Amino acid sequence: MSNNDILQALADMSHYMGDPNRGYAILGEGNTSARLDKDTIYIKASGTSLGTMTRDDFLPVSISRVTQVLENPNATDDDVRDCLRASLCNANEKRLPSVETMLHALLYAYPEYNFIAHTHPVACNGLLCSVNAREAMSGRLCPDHVVMMGRASVFVPYVDPGLVLAREVRDRVRRFVEEEHEPPKAIMLENHGLFALGATAKAVMNITAMAEKMAHVVIGAYSAGGPQFMTQQDVDRIATRPDEKYRQQEIG
Ligand SMILES: [Zn+2]
């Protein structure tokens with residue numbers, strides 16, 4: 001993909017996420033990014049709205065520079081802002097990248113990801129802001145849930161957004177990869193929202209749409225006595241079936 005195509009796919013994906021009819025993100029909520037090369041990503045400028053962003057609203061940022069602040073255990077809010085500014089590839093840029101840039105950037109350490117979208121979908125957050133958040137996100141409900149979102153998602157208990165959240169996600173994704181031998185397609189943040197991660201913009205849109213649909217299903221299941229999650233054996237079977245792998249590829 002040319003830089004131009006990447007930027008266009010990122011803008012289209014952002015408009016999809018920010019469509020008010022979908023309820024994934026309104027006003028300035030959420031943020032999106034795409035990999036440009038090994039050390040560079042495009043990320044939403046702070047203060048812009050997903051639904052109305054133009055290609056000019058994405059700022060190129062250095063992954064290695066913006067993730068440096070994660071290694072400083074005493075980093076303050078000022079250090080984070082200085083680091084965000086120093087990570088900008090365009091020295092004349094006056095705007096700042098999204099406050100969640102560190103989190104996006106560290107996830108691009110996994111070569112499987114080229115696009116990432118973070119949103120606050122209504123039904124997902126209905127569950128993530130409930131007393132049953134962890135349980136509600138702990139399983140898979142039907143074959144398409146497995147095909148689109150993988151065997152499991154990463155669950156992250158509430159922590160302070162920004163630096164603390166970035167470190168928490170980094171550690172939990174690392175553990176997930178050790179156990180599952182592949183990076184997650186979705187990260188569920190308690191009292192906050194969803195991260196969808198994929199090789200293509202299409203995959204990230206599909207993961208977000210399926211996460212939100214399944215959240216509606218789980219809410220329905222709780223109203224009917226509680227969710228009956230698939231057994232691990234049945235989940236594993238779907239995840240490894242060649243016809244389901246083919247279907248996953250075809251859907252994108
Ligand atoms: Zn958020």
# chains A, B, ... in the order shown; residues from 1 in each chain; ligands from 1
$ residues_around --residues "stretch 222-233 of chain A" --least-positions-apart "3" --cutoff "8 Å" --atoms "only C-alpha atoms" --output "PyMOL selection string"
chain A and resi 136+139-142+218-219+236-237
$ residues_around --residues "stretch 30-44 of chain A" --least-positions-apart "2" --cutoff "8 Å" --atoms "only C-alpha atoms" --output "PyMOL selection string"
chain A and resi 3+6-7+10+14+25+28+46+48+50+57-64+97-98+100-101+104-105+108+113-120
$ write_last_selection --atoms "N, CA and C atoms" --output "CSV table (one decimal), in the first residue's frame"
chain,number,residue,atom,x,y,z
A,3,ASN,N,1.7,5.3,0.8
A,3,ASN,CA,1.3,6.1,2.0
A,3,ASN,C,0.0,6.8,1.8
A,6,ILE,N,-2.7,4.2,2.5
A,6,ILE,CA,-2.8,4.0,3.9
A,6,ILE,C,-3.6,5.1,4.6
A,7,LEU,N,-3.3,6.3,4.2
A,7,LEU,CA,-3.9,7.5,4.8
A,7,LEU,C,-5.4,7.5,4.5
A,10,LEU,N,-7.2,4.8,6.5
A,10,LEU,CA,-7.3,5.3,7.9
A,10,LEU,C,-8.4,6.3,8.0
A,14,SER,N,-11.8,5.7,10.2
A,14,SER,CA,-12.2,6.7,11.2
A,14,SER,C,-13.6,7.2,11.1
A,25,ALA,N,-18.4,6.0,18.8
A,25,ALA,CA,-17.6,7.2,19.3
A,25,ALA,C,-18.4,8.4,18.9
A,28,GLY,N,-15.2,14.0,20.6
A,28,GLY,CA,-13.8,13.7,20.4
A,28,GLY,C,-13.4,12.3,20.9
A,46,SER,N,-4.9,15.1,18.7
A,46,SER,CA,-5.8,15.4,19.8
A,46,SER,C,-6.8,16.4,19.5
A,48,THR,N,-9.5,16.2,17.6
A,48,THR,CA,-10.3,16.0,16.4
A,48,THR,C,-11.4,15.0,16.7
A,50,LEU,N,-13.5,11.6,15.2
A,50,LEU,CA,-13.4,10.5,14.2
A,50,LEU,C,-14.3,10.7,13.0
A,57,ASP,N,-5.7,15.5,9.5
A,57,ASP,CA,-5.8,15.4,11.0
A,57,ASP,C,-5.0,14.2,11.6
A,58,PHE,N,-4.3,13.5,10.7
A,58,PHE,CA,-3.5,12.4,11.2
A,58,PHE,C,-2.0,12.9,11.2
A,59,LEU,N,-1.4,12.7,12.4
A,59,LEU,CA,0.0,13.1,12.5
A,59,LEU,C,1.0,12.0,12.4
A,60,PRO,N,2.1,12.1,11.6
A,60,PRO,CA,3.1,11.0,11.7
A,60,PRO,C,3.9,11.1,12.9
A,61,VAL,N,4.1,10.0,13.6
A,61,VAL,CA,4.8,10.0,14.9
A,61,VAL,C,5.8,8.8,14.9
A,62,SER,N,6.9,9.0,15.6
A,62,SER,CA,8.0,8.0,15.7
A,62,SER,C,7.6,7.0,16.8
A,63,ILE,N,7.5,5.7,16.5
A,63,ILE,CA,7.2,4.7,17.5
A,63,ILE,C,8.3,4.7,18.6
A,64,SER,N,9.6,4.6,18.2
A,64,SER,CA,10.7,4.5,19.2
A,64,SER,C,10.7,5.7,20.1
A,97,PRO,N,-0.4,14.8,19.2
A,97,PRO,CA,-1.1,13.6,18.9
A,97,PRO,C,-1.9,13.1,20.1
A,98,SER,N,-2.9,12.2,19.8
A,98,SER,CA,-3.8,11.7,20.9
A,98,SER,C,-3.0,11.3,22.1
A,100,GLU,N,-3.5,8.8,23.8
A,100,GLU,CA,-3.3,7.4,23.8
A,100,GLU,C,-2.2,6.9,22.8
A,101,THR,N,-1.4,7.9,22.3
A,101,THR,CA,-0.4,7.5,21.3
A,101,THR,C,0.6,6.5,21.8
A,104,HIS,N,-1.1,3.0,21.4
A,104,HIS,CA,-1.1,2.6,20.0
A,104,HIS,C,0.3,2.2,19.5
A,105,ALA,N,1.3,3.0,19.8
A,105,ALA,CA,2.7,2.8,19.3
A,105,ALA,C,3.2,1.5,19.8
A,108,TYR,N,2.2,-1.6,18.0
A,108,TYR,CA,2.8,-1.9,16.7
A,108,TYR,C,4.1,-2.7,16.8
A,113,TYR,N,-0.1,-6.3,13.2
A,113,TYR,CA,-1.0,-5.1,13.2
A,113,TYR,C,-0.5,-4.0,12.2
A,114,ASN,N,-1.5,-3.6,11.4
A,114,ASN,CA,-1.2,-2.4,10.6
A,114,ASN,C,-2.2,-1.2,10.8
A,115,PHE,N,-3.4,-1.6,11.4
A,115,PHE,CA,-4.4,-0.6,11.8
A,115,PHE,C,-5.0,-0.9,13.2
A,116,ILE,N,-5.3,0.2,13.9
A,116,ILE,CA,-5.8,0.1,15.3
A,116,ILE,C,-6.9,1.1,15.4
A,117,ALA,N,-8.0,0.7,16.1
A,117,ALA,CA,-9.1,1.7,16.4
A,117,ALA,C,-9.5,1.5,17.8
A,118,HIS,N,-9.5,2.6,18.6
A,118,HIS,CA,-10.0,2.6,19.9
A,118,HIS,C,-11.3,3.4,20.0
A,119,THR,N,-12.4,2.7,20.5
A,119,THR,CA,-13.7,3.4,20.5
A,119,THR,C,-14.4,3.1,21.9
A,120,HIS,N,-15.5,3.8,22.1
A,120,HIS,CA,-16.3,3.6,23.3
A,120,HIS,C,-17.7,3.2,22.9
$ closest_residue --among "A:Gly126, A:Gly198, A:Pro111, A:Gly220" --to "A:Met13" --atoms "only C-alpha atoms"
A:Gly198
$ select_by_dssp --residues "stretch 52-251 of chain A" --states "strand (DSSP E)" --output "list in words"
Phe58, Leu59, Pro60, Val61, Ser62, Phe115, Ile116, Ala117, His118, Thr119, Val154, Phe155, Val156, Ala186, Ile187, Met188, Leu189, Gly193, Leu194, Phe195, Ala196, Leu197 and Gly198 of chain A
$ select_by_dssp --residues "stretch 18-122 of chain A" --states "alpha helix (DSSP H)" --output "compact mmCIF listing (two decimals) with C-alpha atoms, in the first residue's frame"
# COMPACT_ATOMS: atom_id res chain seq x y z
CA ILE A 63 7.21 4.72 17.53
CA SER A 64 10.66 4.49 19.16
CA ARG A 65 10.54 8.10 20.38
CA VAL A 66 7.00 8.02 21.81
CA ASP A 77 2.16 14.41 33.00
CA ASP A 78 4.59 17.10 31.74
CA ASP A 79 7.08 14.41 30.66
CA VAL A 80 4.31 12.68 28.72
CA ARG A 81 3.38 15.90 26.92
CA ASP A 82 7.05 16.64 26.14
CA CYS A 83 7.46 13.11 24.80
CA LEU A 84 4.34 13.39 22.61
CA ARG A 85 5.69 16.63 21.15
CA ALA A 86 9.19 15.18 20.61
CA THR A 101 -0.43 7.51 21.27
CA MET A 102 1.96 5.55 23.56
CA LEU A 103 -0.56 2.74 23.74
CA HIS A 104 -1.08 2.59 19.97
CA ALA A 105 2.67 2.80 19.33
CA LEU A 106 3.67 -0.02 21.65
CA LEU A 107 1.07 -2.35 20.09
CA VAL A 122 -22.49 1.86 23.77
$ atom_distance --atom1 "atom CA of A:Gly18" --atom2 "atom 1 (Zn, counted along the ligand's line) of ligand 1"
12.8 Å
